[in-house]
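Colleague: Take this structure first; my questions come after.
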Amino acid sequence: MPTVREVEKALYELAPRDLAQNWDNVGLLVGDPDREVTAVLVALDVTQAVTEEAEERGCDLIVAHHPLMNCTWSPVQSVRTDHPQGRLITTLIQNEISAICMHTNLDSTKGGVNDALAAALDLQDVSPLSEDGIGRIGVLKREMPLAEFAAYVKERLQAGGVRYADGGKSVRQVAVGGGACGEYATLAASLGCDTFVTADLKYHDFQNALGLGVNLLDAGHFPTENVVCSVLDDFLRSRFPGLAVICSSAHRDVIHYYI
Ligand SMILES: [Zn+2]
């Protein structure tokens, strides 16, 4: 069986480290690099529930997308069991579960988050949206009205709901950006896209979209990125035949919709 270090090294073949943004924190974040791995749990985030699932299912390595520490939304200055994040890190260490996170390098790499999102929406002729490799542009097989496309996105991504602004166009040329990519809406519009699908949008983002004449859809952070878990799952299975790889069933969108 491979060591944690060997799995990390292999994951950099899928998502090269130099593709990560300079503020990011990717790679092996918790654990012993020389420890042998018997089973891997793949999840979008390393949460308490995911850690408990790894324990229950006998996984000694979690491979996730979002860094569990020292990134913009979760700085770590101390590891204390009376803080939720310290408790999480302690649980991992006590149970000898390692954690590898592949974040913005997995967003931009070929076949990563954004390609998985474009594939989930069945976009054709897919190419990068931005120079930094974030986002994709593609074409729908069939033009559709915006309301129909919103329902299509919800169903394809198994999202709880989709919020959108109507830029006054029917949908054919679509840009996508998994997670919080609202700042790319102007670029998408300038490249001739009629529609942009991303997540974590604010009121003013939707207002600006009307000015840009682009349809803007927020399909949620989890639904637009969780599509990458099957990419990680497939990659690890083919790279390490014989290694048990499991996709988390405990990890779900933290956001619920009251309809
Ligand atoms: Zn994300």
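Following the order of the structure tokens, first chain is A, next is B, and so on, with residues numbered from 1 inside each chain and ligands from 1 in the order they appear.
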Give the residue list for ligand 1 at 9 Å, counting only C-alpha atoms and all ligand atoms, as a list of chain:residue names, sorted by chain and then by residue number.
Modeller: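 Answer in the requested format: A:Leu44, A:Asp45, A:His65, A:His66, A:His103, A:Thr104, A:Asp107, A:Gly178, A:Gly179, A:Ala180, A:His221, A:Phe222, A:Thr224, A:Glu225, A:Asn226.
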Colleague: For Val37 of chain A, please output as a list in words all residues within 12 Å (counting only C-alpha atoms; exclusion window: fewer than 6 positions along the same chain).
Modeller: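 Listed by chain and then number, they are Met1, Pro2, Thr3, Val4, Arg5, Glu6, Val7, Glu8, Gly31, Gly58, Cys59, Asp60, Leu61, Ile62, Val63, Glu96, Ile97, Ser98, Ala99, Leu236, Phe240, Gly242, Leu243, Ala244 and Val245 of chain A.
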Colleague: Segment 116-130 of chain A: which residues within 8 Å, counting only C-alpha atoms, same-chain residues fewer than 5 positions away excluded, as JSON, numbers by chain?
Modeller: {"A": [111, 135, 136, 137, 138, 139, 140, 141, 153, 156, 157, 174, 175, 176, 177, 178, 184, 187, 188, 224, 225, 227, 228, 231]}
Colleague: Please give the complete set of residues from segment 5-249 of chain A that DSSP, run on the backbone, assigns to strand (DSSP E or B), formatted as an MDAnalysis selection string.
Modeller: chainID A and resid 27:30 36 39:43 61:64 71 74 98:101 124:128 136:144 163:165 171:176 195:198 215:218 244:247
Colleague: Do a neighbour search on Glu53 of chain A at 10 Å with only C-alpha atoms, toss out local chain neighbours closer than 2 positions, and write the hits as a list in words.
Modeller: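 Once the nearby chain positions are removed, what remains is Leu41, Thr47, Gln48, Ala49, Val50, Thr51, Glu55, Glu56, Arg57, Gly58, Cys59, Ser248, Ser249, Ala250 and His251 of chain A.
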Colleague: List the neighbours of segment 9-26 of chain A out to 9 Å using only C-alpha atoms; skip same-chain residues closer than 5 positions along the sequence, and give me the result as a list in words.
Modeller: Val4, His65, His66, Pro67, Leu68, Met69, Asn70, Cys71, Thr72, Ile100, Cys101, Met102, His103, Thr104, Asn105, Leu106, Asp107, Ser108, Thr109, Lys110, Gly111, Gly112, Asp132, Gly133, Leu232, Phe235, Leu236 and Arg239 of chain A
Colleague: Could you pull out the helix (DSSP H, G or I) residues of segment 90-248 of chain A, going by DSSP on the backbone, and write them as an NGL selection string?
Modeller: :A and (90-94 or 104-108 or 113-120 or 146-156 or 182-190 or 203-212 or 221-225 or 228-239)
Colleague: Would you work out the distance separating atom CA of Val214 of chain A from atom CA of Asp253 of chain A, expressed in Å to one decimal?
Modeller: 26.9 Å
Colleague: My list of candidates is A:Arg35, A:His83, A:Arg237, A:Arg163. Which is closest to Lys202 of chain A when distances are computed with only C-alpha atoms?
Modeller: A:Arg163
Colleague: Rounded to one decimal place, report the atom CA of Asn215 of chain A-atom CA of Glu155 of chain A distance in Å.
Modeller: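 Rounded to one decimal, the two atoms are 18.2 Å apart.
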Colleague: Please report the interatomic distance between atom CA of Met144 of chain A and atom CA of Asp200 of chain A in Å with one decimal.
Modeller: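 Going from atom CA of Met144 of chain A over to atom CA of Asp200 of chain A covers 24.1 Å.
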